[in-house]
>>> print(open('entry-v9.tsv').read())   # TSV, C-alpha atoms
chain	number	residue	atom	x	y	z
F	1	MET	CA	108.35	121.59	75.42
F	2	LEU	CA	108.45	117.88	76.24
F	3	ASN	CA	111.15	117.01	73.72
F	4	SER	CA	113.42	119.69	75.18
F	5	PHE	CA	112.86	118.28	78.68
F	6	LEU	CA	113.67	114.77	77.47
F	7	ARG	CA	117.08	115.92	76.21
F	8	THR	CA	118.05	117.57	79.49
F	9	GLY	CA	119.74	116.49	82.73
F	10	ILE	CA	119.34	113.11	84.39
F	11	THR	CA	116.17	112.31	82.46
F	12	GLY	CA	117.91	113.11	79.16
F	13	ARG	CA	120.80	110.82	80.11
F	14	ALA	CA	118.35	108.03	80.96
F	15	VAL	CA	116.67	108.41	77.54
F	16	ARG	CA	119.99	108.46	75.67
F	17	SER	CA	121.22	105.37	77.48
F	18	GLU	CA	117.86	103.65	76.77
F	19	LEU	CA	117.10	103.09	80.44
F	20	LEU	CA	113.96	105.09	79.80
F	21	ASN	CA	111.90	105.04	76.63
F	22	VAL	CA	109.56	108.01	76.18
F	23	ARG	CA	107.47	108.63	73.09
F	24	VAL	CA	105.76	111.99	72.68
F	25	VAL	CA	102.52	111.83	70.70
F	26	ASN	CA	101.04	114.98	69.14
F	27	LEU	CA	97.26	114.88	69.42
F	28	HIS	CA	96.93	116.99	66.27
F	29	ASP	CA	98.19	113.98	64.31
F	30	PHE	CA	94.79	112.47	65.08
F	31	GLY	CA	92.74	115.64	64.55
F	32	THR	CA	89.83	115.85	62.12
F	33	GLY	CA	89.15	118.20	59.19
F	34	ASN	CA	91.41	120.67	57.45
F	35	TYR	CA	92.52	122.20	60.74
F	36	LYS	CA	93.21	118.87	62.49
F	37	GLN	CA	90.66	119.72	65.16
F	38	ILE	CA	91.04	117.96	68.51
F	39	ASP	CA	88.69	120.06	70.66
F	40	ASP	CA	85.17	121.44	70.71
F	41	TYR	CA	82.87	123.60	72.83
F	42	VAL	CA	81.59	122.28	76.16
F	43	PHE	CA	77.90	121.28	76.10
F	44	GLY	CA	75.84	123.64	78.27
F	45	SER	CA	78.28	126.57	77.81
F	46	GLY	CA	81.92	126.87	78.81
F	47	GLY	CA	85.32	126.78	77.17
F	48	MET	CA	86.96	124.28	74.87
F	49	LEU	CA	87.36	120.59	75.70
F	50	LEU	CA	89.56	117.91	74.15
F	51	ALA	CA	87.28	115.48	72.31
F	52	ALA	CA	86.97	111.78	73.14
F	53	PRO	CA	87.21	110.28	69.59
F	54	GLN	CA	90.56	111.92	68.80
F	55	LEU	CA	91.90	111.02	72.27
F	56	LYS	CA	90.90	107.40	71.72
F	57	ASP	CA	92.69	107.27	68.35
F	58	ALA	CA	95.84	108.70	69.94
F	59	LEU	CA	95.60	106.23	72.82
F	60	ASN	CA	95.18	103.27	70.47
F	61	SER	CA	98.41	104.27	68.71
F	62	VAL	CA	100.48	103.69	71.88
F	63	LEU	CA	98.68	100.78	73.55
F	64	LYS	CA	100.88	97.73	73.97
F	65	PRO	CA	99.25	94.56	72.59
F	66	GLY	CA	98.47	91.98	75.22
F	67	GLY	CA	98.07	94.38	78.13
F	68	GLY	CA	100.46	96.00	80.57
F	69	ASN	CA	99.08	99.48	79.80
F	70	PHE	CA	98.33	102.05	82.48
F	71	VAL	CA	96.77	105.43	81.65
F	72	ALA	CA	97.38	108.43	83.93
F	73	TYR	CA	95.77	111.84	83.51
F	74	PRO	CA	97.00	115.02	85.26
F	75	SER	CA	93.88	116.66	86.66
F	76	PRO	CA	92.83	119.00	89.50
F	77	GLN	CA	90.35	116.26	90.46
F	78	GLY	CA	93.10	113.67	90.88
F	79	ILE	CA	94.89	112.33	93.91
F	80	LEU	CA	97.83	114.38	95.14
F	81	LEU	CA	100.93	112.82	93.59
F	82	ASN	CA	103.11	111.37	96.34
F	83	GLN	CA	106.05	108.99	96.53
F	84	GLU	CA	103.87	105.91	97.03
F	85	ALA	CA	102.01	106.67	93.81
F	86	VAL	CA	105.28	107.32	91.97
F	87	GLU	CA	106.70	103.99	93.16
F	88	SER	CA	103.58	102.19	91.93
F	89	LEU	CA	103.64	103.95	88.55
F	90	ALA	CA	107.34	103.14	88.13
F	91	LEU	CA	106.39	99.45	88.08
F	92	GLN	CA	103.99	99.85	85.16
F	93	GLU	CA	105.18	98.26	81.94
F	94	ASN	CA	103.66	100.85	79.59
F	95	LEU	CA	102.73	104.11	81.31
F	96	ILE	CA	100.64	106.46	79.18
F	97	ILE	CA	100.12	110.07	80.29
F	98	ILE	CA	97.27	112.05	78.74
F	99	CYS	CA	97.97	115.80	78.79
F	100	GLY	CA	94.82	117.90	78.92
F	101	ARG	CA	94.36	121.47	77.71
F	102	TYR	CA	91.74	124.21	77.98
F	103	GLU	CA	88.89	122.97	80.22
F	104	GLY	CA	90.30	119.44	80.22
F	105	ILE	CA	89.07	116.36	78.38
F	106	ASP	CA	85.71	114.71	77.78
F	107	ASP	CA	84.67	112.87	80.97
F	108	ARG	CA	83.45	109.89	78.99
F	109	PHE	CA	87.02	109.23	77.89
F	110	ILE	CA	88.19	109.51	81.51
F	111	SER	CA	85.53	107.08	82.72
F	112	LYS	CA	86.34	104.48	80.10
F	113	TYR	CA	90.12	104.67	79.63
F	114	VAL	CA	91.90	106.52	82.48
F	115	ASP	CA	93.26	104.37	85.32
F	116	LEU	CA	94.49	107.20	87.55
F	117	GLU	CA	93.93	110.94	87.79
F	118	PHE	CA	96.69	112.79	89.66
F	119	SER	CA	97.43	116.34	90.71
F	120	ILE	CA	100.74	118.01	91.59
F	121	GLY	CA	99.06	120.58	93.82
F	122	ASP	CA	96.02	122.76	94.37
F	123	CYS	CA	96.76	125.21	91.60
F	124	VAL	CA	95.55	125.75	88.03
F	125	LEU	CA	97.94	125.20	85.11
F	126	THR	CA	97.44	125.81	81.42
F	127	GLY	CA	97.90	122.14	80.55
F	128	GLY	CA	99.08	118.73	81.63
F	129	GLU	CA	102.60	118.95	80.19
F	130	ILE	CA	104.27	120.25	83.37
F	131	PRO	CA	102.65	117.59	85.62
F	132	ALA	CA	103.59	114.98	83.01
F	133	MET	CA	107.23	116.10	83.14
F	134	ALA	CA	107.14	116.03	86.94
F	135	LEU	CA	105.85	112.45	86.87
F	136	ILE	CA	108.39	111.32	84.25
F	137	ASP	CA	111.21	112.85	86.30
F	138	ALA	CA	110.04	111.24	89.55
F	139	VAL	CA	109.51	107.82	87.95
F	140	SER	CA	112.82	107.86	86.09
F	141	ARG	CA	114.79	108.33	89.33
F	142	LEU	CA	113.52	104.94	90.52
F	143	ILE	CA	114.81	103.08	87.48
F	144	PRO	CA	118.08	101.28	88.39
F	145	GLY	CA	121.05	103.05	86.85
F	146	VAL	CA	119.38	106.41	86.25
F	147	VAL	CA	120.68	107.93	89.48
F	148	GLY	CA	124.31	107.05	90.16
F	149	LYS	CA	123.89	105.58	93.63
F	150	ASN	CA	120.72	103.85	94.81
F	151	LYS	CA	121.49	105.16	98.31
F	152	ALA	CA	120.92	108.70	97.04
F	153	VAL	CA	117.37	107.69	96.09
F	154	VAL	CA	116.71	105.85	99.35
F	155	GLU	CA	117.81	108.82	101.46
F	156	ASP	CA	115.67	111.30	99.51
F	157	SER	CA	112.86	113.24	101.16
F	158	PHE	CA	109.60	111.25	101.17
F	159	TYR	CA	111.26	107.91	100.30
F	160	ARG	CA	110.48	106.76	103.83
F	161	GLY	CA	107.78	109.38	104.24
F	162	MET	CA	110.05	111.70	106.25
F	163	LEU	CA	111.61	114.97	105.17
F	164	ASP	CA	115.35	115.13	104.65
F	165	ASN	CA	117.73	116.48	107.27
F	166	PRO	CA	119.54	119.84	106.75
F	167	ASN	CA	122.65	119.65	104.53
F	168	TYR	CA	125.67	121.95	104.28
F	169	THR	CA	128.81	122.47	102.19
F	170	ARG	CA	131.86	124.76	102.28
F	171	PRO	CA	132.62	127.29	103.64
F	172	GLU	CA	132.24	126.18	107.27
F	173	ILE	CA	131.21	129.71	108.28
F	174	TRP	CA	128.98	131.79	106.02
F	175	GLU	CA	127.42	135.12	107.04
F	176	ASN	CA	128.15	134.32	110.70
F	177	MET	CA	126.38	130.95	110.45
F	178	ASN	CA	128.39	127.83	111.31
F	179	VAL	CA	128.00	124.30	109.99
F	180	PRO	CA	126.90	122.09	112.95
F	181	GLU	CA	130.05	120.85	114.69
F	182	ILE	CA	128.95	117.21	114.71
F	183	LEU	CA	129.22	117.10	110.90
F	184	LEU	CA	132.92	117.99	111.17
F	185	THR	CA	133.81	115.19	113.62
F	186	GLY	CA	133.97	112.36	111.09
F	187	ASN	CA	132.08	110.08	113.49
F	188	GLN	CA	129.60	108.49	111.08
F	189	GLY	CA	127.54	106.84	113.82
F	190	ASP	CA	126.93	110.13	115.63
F	191	ILE	CA	126.36	111.95	112.34
F	192	LEU	CA	123.68	109.41	111.33
F	193	LYS	CA	121.91	109.86	114.68
F	194	TRP	CA	122.05	113.64	114.28
F	195	ARG	CA	120.67	113.48	110.75
F	196	ARG	CA	117.76	111.28	111.78
F	197	SER	CA	117.01	113.49	114.77
F	198	GLU	CA	117.02	116.61	112.56
F	199	ALA	CA	114.81	114.85	109.99
F	200	VAL	CA	112.30	114.15	112.77
F	201	LYS	CA	112.36	117.78	113.95
F	202	ARG	CA	111.90	119.10	110.44
F	203	THR	CA	109.06	116.72	109.60
F	204	LEU	CA	107.21	117.45	112.86
F	205	LEU	CA	107.60	121.20	112.30
F	206	ARG	CA	106.95	121.53	108.59
F	207	ARG	CA	104.94	118.51	107.46
F	208	PRO	CA	103.35	116.71	110.43
F	209	ASP	CA	100.76	115.34	108.00
F	210	LEU	CA	103.44	112.98	106.64
F	211	ILE	CA	103.79	111.12	109.93
F	212	SER	CA	100.75	108.92	109.30
F	213	ARG	CA	102.44	107.18	106.33
F	214	ALA	CA	106.08	107.55	107.34
F	215	SER	CA	108.44	104.69	108.13
F	216	VAL	CA	109.64	105.89	111.52
F	217	GLY	CA	111.38	102.80	112.91
F	218	ASP	CA	114.85	103.95	111.84
F	219	TYR	CA	114.24	107.35	113.44
F	220	LEU	CA	113.51	106.00	116.93
F	221	THR	CA	117.19	106.13	117.78
F	222	GLY	CA	116.87	105.42	121.51
F	223	GLY	CA	115.80	101.82	120.95
F	224	ILE	CA	112.49	99.99	120.58
F	225	TYR	CA	111.22	97.35	123.01
F	226	LEU	CA	108.08	95.24	123.13
F	227	SER	CA	106.60	93.55	126.16
F	228	VAL	CA	103.46	91.59	127.01
F	229	LEU	CA	101.87	91.46	130.47
F	230	LYS	CA	101.02	87.80	130.97
F	231	ASN	CA	98.32	86.90	133.48
F	232	PHE	CA	97.80	83.35	132.31
F	233	LEU	CA	99.24	80.74	129.97
F	234	SER	CA	96.98	80.09	127.01
F	235	ASP	CA	97.24	76.77	125.17
F	236	ASP	CA	96.75	78.41	121.78
F	237	TYR	CA	99.14	81.34	122.26
F	238	ASP	CA	101.86	81.28	119.59
F	239	PHE	CA	105.13	82.54	121.08
F	240	LYS	CA	106.98	81.87	117.82
F	241	GLU	CA	104.63	84.18	115.94
F	242	LEU	CA	105.29	86.92	118.52
F	243	GLU	CA	109.05	86.47	118.09
F	244	ASN	CA	108.71	86.56	114.28
F	245	LEU	CA	106.68	89.78	114.46
F	246	CYS	CA	109.43	91.42	116.49
F	247	SER	CA	112.03	90.27	113.99
F	248	VAL	CA	110.07	91.63	111.02
F	249	PHE	CA	109.81	95.07	112.62
F	250	GLY	CA	113.41	95.25	113.78
F	251	ILE	CA	112.81	94.66	117.49
F	252	SER	CA	115.02	92.38	119.56
F	253	ARG	CA	113.39	89.48	121.38
F	254	PRO	CA	110.19	90.42	123.23
F	255	PHE	CA	109.74	90.60	126.99
F	256	LEU	CA	107.09	88.60	128.83
F	257	ILE	CA	106.14	90.15	132.18
F	258	ALA	CA	104.67	87.76	134.76
F	259	GLY	CA	104.39	88.81	138.38
F	260	ASP	CA	103.53	85.28	139.50
F	261	LYS	CA	106.60	83.07	139.98
F	262	GLY	CA	104.67	79.93	139.03
F	263	LEU	CA	103.56	81.51	135.76
F	264	ARG	CA	107.13	82.51	134.96
F	265	TYR	CA	108.13	78.87	135.46
F	266	GLU	CA	105.37	77.70	133.11
F	267	LEU	CA	106.37	80.27	130.49
F	268	LYS	CA	109.95	79.06	130.54
F	269	LYS	CA	108.75	75.49	129.97
F	270	THR	CA	107.24	76.57	126.62
F	271	GLY	CA	110.75	77.01	125.18
F	272	THR	CA	110.09	80.57	124.07
F	273	ASN	CA	113.07	82.78	123.24
F	274	ALA	CA	111.29	85.75	124.81
F	275	LYS	CA	112.91	87.30	127.87
F	276	ILE	CA	110.77	86.43	130.91
F	277	VAL	CA	110.84	88.97	133.75
F	278	GLY	CA	108.93	89.56	136.95
F	279	SER	CA	108.18	93.26	136.51
F	280	ILE	CA	108.30	96.11	134.03
F	281	LYS	CA	111.09	97.64	136.13
F	282	LYS	CA	113.49	95.01	134.73
F	283	ILE	CA	112.84	96.32	131.22
F	284	ILE	CA	113.18	99.98	132.22
F	285	ASP	CA	116.51	99.18	133.88
F	286	LYS	CA	117.72	97.95	130.48
F	287	ALA	CA	116.04	100.55	128.24
F	288	GLY	CA	116.69	103.61	130.42
F	289	ALA	CA	114.79	105.67	132.98
F	290	ASP	CA	113.53	108.09	130.33
F	291	THR	CA	111.81	105.30	128.35
F	292	LEU	CA	108.42	106.26	126.93
F	293	ILE	CA	105.86	103.52	127.65
F	294	ILE	CA	103.10	103.22	125.03
F	295	LYS	CA	100.25	101.08	126.36
F	296	ILE	CA	98.28	99.63	123.45
F	297	TYR	CA	94.52	99.08	123.74
F	298	ALA	CA	92.39	97.50	121.02
F	299	SER	CA	89.67	100.14	121.22
F	300	LYS	CA	89.23	103.74	122.33
F	301	ASN	CA	89.08	104.44	126.05
F	302	VAL	CA	89.40	107.37	128.43
F	303	ASN	CA	92.60	109.43	128.08
F	304	SER	CA	93.94	107.30	125.23
F	305	LEU	CA	95.54	108.75	122.09
F	306	GLN	CA	94.70	107.81	118.55
F	307	SER	CA	97.59	105.72	117.21
F	308	LEU	CA	98.80	108.49	114.86
F	309	GLU	CA	99.10	110.93	117.78
F	310	ALA	CA	100.96	108.32	119.78
F	311	LYS	CA	103.27	107.77	116.80
F	312	ARG	CA	103.99	111.49	116.75
F	313	LYS	CA	104.72	111.39	120.48
F	314	CYS	CA	107.20	108.55	119.91
F	315	LEU	CA	109.08	110.65	117.35
F	316	GLU	CA	109.16	113.69	119.62
F	317	HIS	CA	110.51	111.55	122.46
F	318	SER	CA	113.19	109.99	120.26
F	319	ILE	CA	114.72	113.36	119.33
F	320	ASN	CA	116.71	113.28	122.56
F	321	GLY	CA	117.53	109.58	122.29
F	322	GLY	CA	114.79	108.22	124.55
F	323	ALA	CA	113.73	104.59	124.14
F	324	ILE	CA	110.20	103.43	123.29
F	325	LEU	CA	108.49	100.49	125.01
F	326	PHE	CA	105.29	99.12	123.44
F	327	LEU	CA	103.28	97.39	126.14
F	328	PHE	CA	100.45	94.89	125.55
F	329	ALA	CA	98.50	92.66	127.93
F	330	ASP	CA	96.39	89.50	128.03
F	331	ASP	CA	93.96	91.53	130.13
F	332	GLU	CA	93.83	95.19	129.10
F	333	ASN	CA	92.59	96.14	132.57
F	334	GLU	CA	96.10	95.37	133.82
F	335	LEU	CA	97.47	98.15	131.61
F	336	ASP	CA	95.48	100.70	133.62
F	337	LYS	CA	97.70	100.02	136.63
F	338	ILE	CA	100.90	101.05	134.84
F	339	PRO	CA	101.89	104.69	134.18
F	340	GLY	CA	102.50	105.58	130.55
F	341	THR	CA	100.86	106.88	127.39
F	342	SER	CA	97.72	105.03	126.30
F	343	ALA	CA	97.02	104.51	122.60
F	344	TYR	CA	94.13	102.80	120.86
F	345	LEU	CA	93.90	101.11	117.47
F	346	PHE	CA	90.17	101.21	116.70
F	347	GLU	CA	87.26	103.52	117.51
F	348	SER	CA	84.91	100.65	118.31
F	349	PRO	CA	85.39	97.40	120.30
F	350	GLN	CA	87.24	94.67	118.40
F	351	ASP	CA	87.53	90.93	118.96
F	352	LEU	CA	91.20	90.33	118.17
F	353	SER	CA	93.74	87.78	119.27
F	354	LEU	CA	96.67	89.29	121.12
F	355	ASN	CA	99.14	88.51	118.33
F	356	ASN	CA	96.82	90.02	115.71
F	357	MET	CA	96.57	93.16	117.81
F	358	ILE	CA	100.35	93.31	118.17
F	359	SER	CA	100.74	92.86	114.40
F	360	ILE	CA	98.34	95.73	113.66
F	361	ALA	CA	99.96	98.00	116.22
F	362	LEU	CA	103.50	97.39	114.96
F	363	ASP	CA	102.39	98.04	111.40
F	364	ARG	CA	100.71	101.31	112.48
F	365	PHE	CA	103.78	102.52	114.33
F	366	LEU	CA	106.72	100.93	112.53
F	367	GLY	CA	105.43	99.63	109.18
F	368	ARG	CA	107.88	100.23	106.35
F	369	ARG	CA	106.82	101.86	103.12
>>> encode(input="entry-v9.tsv", output="structure tokens")
Amino acid sequence: MLNSFLRTGITGRAVRSELLNVRVVNLHDFGTGNYKQIDDYVFGSGGMLLAAPQLKDALNSVLKPGGGNFVAYPSPQGILLNQEAVESLALQENLIIICGRYEGIDDRFISKYVDLEFSIGDCVLTGGEIPAMALIDAVSRLIPGVVGKNKAVVEDSFYRGMLDNPNYTRPEIWENMNVPEILLTGNQGDILKWRRSEAVKRTLLRRPDLISRASVGDYLTGGIYLSVLKNFLSDDYDFKELENLCSVFGISRPFLIAGDKGLRYELKKTGTNAKIVGSIKKIIDKAGADTLIIKIYASKNVNSLQSLEAKRKCLEHSINGGAILFLFADDENELDKIPGTSAYLFESPQDLSLNNMISIALDRFLGRR
């Protein structure tokens, strides 16, 4: 079963070109007695279980001297296999997959030798071979050279945590259904915006649970802005750190909002590259009247959304090209005076510096996988 899989398709090509080295070990080679026994009855009644001593002998035969070994076991008790796990496993030097059968394997072996239990879904299979093949296939695609173009891997569903956009081929009209006209225009900029918008719609509709771990920055097509309401000039406030944070998360220079003319003068004297304005209206004039304002609070308060829900709201707003403005303040009470969507980072009160709070918020909303 496994050897046939390893001769087929992209995985087979990777094996033949030695980009991927897979060794299939037959547990019966380490069985005991005349019948090469590898299993026995479960203590306390039940079915058959793969035995720990034979599993250990098989494992020892493939361990790489000096370390670099990682043992994975397909199991209904394991974590649900996702792209993050696949990316981590692809970095392992010597990945060993233990395929269970019958009722599974002796738990003592799992406790002592297994580094990760994983599941491919809430269903029961006859053995671990199919999950093992799924893992090998997913890992092999991340090895440079296995898939022709790296871009094809990057644009895959789940690579950024988002589902893929709809795709079409010829004929243009099939059973009275037309290919979306924008895909026929040849305008790559508009096509990219359409694809990202459709990916957002599909993810929100079919797999909203993915949003919490998705990299959504590239999908907020209307633009992203960050501003800080300044009520005073603090000696220890690091403007450079704020500017660096914006750069890391793909935001142009931040806005500093100071209603007091004297404070604006003092802010300019600091030499900051931030744009200093007298009111939030100046930012809205630039970003657009339909800009969604997300007011960030450190802790939960009345009418505020949990950050994941606010993240979802940002995606919904971006479908039609609306901009997003993340708004922070020296004094959170000042945020209450401004209309917008309130979002909180923590359930309980937190003592955070403003830049630390901004860093956490940007990672929650825009952090890249």
>>> residues_around(input="entry-v9.tsv", residues="F:Arg253", least_positions_apart="3", cutoff="10 Å", atoms="only C-alpha atoms", output="PyMOL selection string")
chain F and resi 225-227+242-247+250+256+272-275
>>> residues_around(input="entry-v9.tsv", residues="stretch 67-83 of chain F", least_positions_apart="3", cutoff="9 Å", atoms="only C-alpha atoms", output="PyMOL selection string")
chain F and resi 59+63-64+86-89+92-100+104+110+113-124+127-129+131-132+135+138+158-161
>>> write_last_selection(input="entry-v9.tsv", atoms="C-alpha atoms", output="PDB file, in the coordinates of the input")
ATOM      1  CA  LEU F  59      95.600 106.230  72.820  1.00  0.00           C
ATOM      2  CA  LEU F  63      98.680 100.780  73.550  1.00  0.00           C
ATOM      3  CA  LYS F  64     100.880  97.730  73.970  1.00  0.00           C
ATOM      4  CA  VAL F  86     105.280 107.320  91.970  1.00  0.00           C
ATOM      5  CA  GLU F  87     106.700 103.990  93.160  1.00  0.00           C
ATOM      6  CA  SER F  88     103.580 102.190  91.930  1.00  0.00           C
ATOM      7  CA  LEU F  89     103.640 103.950  88.550  1.00  0.00           C
ATOM      8  CA  GLN F  92     103.990  99.850  85.160  1.00  0.00           C
ATOM      9  CA  GLU F  93     105.180  98.260  81.940  1.00  0.00           C
ATOM     10  CA  ASN F  94     103.660 100.850  79.590  1.00  0.00           C
ATOM     11  CA  LEU F  95     102.730 104.110  81.310  1.00  0.00           C
ATOM     12  CA  ILE F  96     100.640 106.460  79.180  1.00  0.00           C
ATOM     13  CA  ILE F  97     100.120 110.070  80.290  1.00  0.00           C
ATOM     14  CA  ILE F  98      97.270 112.050  78.740  1.00  0.00           C
ATOM     15  CA  CYS F  99      97.970 115.800  78.790  1.00  0.00           C
ATOM     16  CA  GLY F 100      94.820 117.900  78.920  1.00  0.00           C
ATOM     17  CA  GLY F 104      90.300 119.440  80.220  1.00  0.00           C
ATOM     18  CA  ILE F 110      88.190 109.510  81.510  1.00  0.00           C
ATOM     19  CA  TYR F 113      90.120 104.670  79.630  1.00  0.00           C
ATOM     20  CA  VAL F 114      91.900 106.520  82.480  1.00  0.00           C
ATOM     21  CA  ASP F 115      93.260 104.370  85.320  1.00  0.00           C
ATOM     22  CA  LEU F 116      94.490 107.200  87.550  1.00  0.00           C
ATOM     23  CA  GLU F 117      93.930 110.940  87.790  1.00  0.00           C
ATOM     24  CA  PHE F 118      96.690 112.790  89.660  1.00  0.00           C
ATOM     25  CA  SER F 119      97.430 116.340  90.710  1.00  0.00           C
ATOM     26  CA  ILE F 120     100.740 118.010  91.590  1.00  0.00           C
ATOM     27  CA  GLY F 121      99.060 120.580  93.820  1.00  0.00           C
ATOM     28  CA  ASP F 122      96.020 122.760  94.370  1.00  0.00           C
ATOM     29  CA  CYS F 123      96.760 125.210  91.600  1.00  0.00           C
ATOM     30  CA  VAL F 124      95.550 125.750  88.030  1.00  0.00           C
ATOM     31  CA  GLY F 127      97.900 122.140  80.550  1.00  0.00           C
ATOM     32  CA  GLY F 128      99.080 118.730  81.630  1.00  0.00           C
ATOM     33  CA  GLU F 129     102.600 118.950  80.190  1.00  0.00           C
ATOM     34  CA  PRO F 131     102.650 117.590  85.620  1.00  0.00           C
ATOM     35  CA  ALA F 132     103.590 114.980  83.010  1.00  0.00           C
ATOM     36  CA  LEU F 135     105.850 112.450  86.870  1.00  0.00           C
ATOM     37  CA  ALA F 138     110.040 111.240  89.550  1.00  0.00           C
ATOM     38  CA  PHE F 158     109.600 111.250 101.170  1.00  0.00           C
ATOM     39  CA  TYR F 159     111.260 107.910 100.300  1.00  0.00           C
ATOM     40  CA  ARG F 160     110.480 106.760 103.830  1.00  0.00           C
ATOM     41  CA  GLY F 161     107.780 109.380 104.240  1.00  0.00           C
TER      42      GLY F 161
END
>>> closest_residue(input="entry-v9.tsv", among="F:Lys261, F:Lys56, F:Arg195, F:Lys230", to="F:Phe30", atoms="only C-alpha atoms")
F:Lys56
>>> atom_distance(input="entry-v9.tsv", atom1="atom CA of F:Asn3", atom2="atom CA of F:Glu103")
23.9 Å
>>> residues_around(input="entry-v9.tsv", residues="F:Arg196", least_positions_apart="5", cutoff="8 Å", atoms="all atoms listed in the file", output="ChimeraX atom specification")
/F:165,218-219,221
>>> atom_distance(input="entry-v9.tsv", atom1="atom CA of F:Gly321", atom2="atom CA of F:Leu305")
22.0 Å
>>> atom_distance(input="entry-v9.tsv", atom1="atom CA of F:Tyr168", atom2="atom CA of F:Lys313")
28.5 Å
>>> residues_around(input="entry-v9.tsv", residues="F:Asn301", least_positions_apart="4", cutoff="10 Å", atoms="all atoms listed in the file", output="list of chain:residue names")
F:Tyr297, F:Leu305, F:Gln306, F:Ser342, F:Ala343, F:Tyr344, F:Phe346, F:Glu347, F:Ser348, F:Pro349
>>> residues_around(input="entry-v9.tsv", residues="F:Asp29", least_positions_apart="4", cutoff="10 Å", atoms="all atoms listed in the file", output="list in words")
Val25, Lys36, Gln37, Ile38, Gln54, Asp57 and Ala58 of chain F
>>> write_last_selection(input="entry-v9.tsv", atoms="C-alpha atoms", output="mmCIF file, in the coordinates of the input")
data_model
loop_
_atom_site.group_PDB
_atom_site.id
_atom_site.type_symbol
_atom_site.label_atom_id
_atom_site.label_comp_id
_atom_site.auth_asym_id
_atom_site.auth_seq_id
_atom_site.Cartn_x
_atom_site.Cartn_y
_atom_site.Cartn_z
ATOM 1 C CA VAL F 25 102.520 111.830 70.700
ATOM 2 C CA LYS F 36 93.210 118.870 62.490
ATOM 3 C CA GLN F 37 90.660 119.720 65.160
ATOM 4 C CA ILE F 38 91.040 117.960 68.510
ATOM 5 C CA GLN F 54 90.560 111.920 68.800
ATOM 6 C CA ASP F 57 92.690 107.270 68.350
ATOM 7 C CA ALA F 58 95.840 108.700 69.940
#
>>> closest_residue(input="entry-v9.tsv", among="F:Ile130, F:Leu20, F:Ile105, F:Val179", to="F:Pro53", atoms="all atoms listed in the file")
F:Ile105
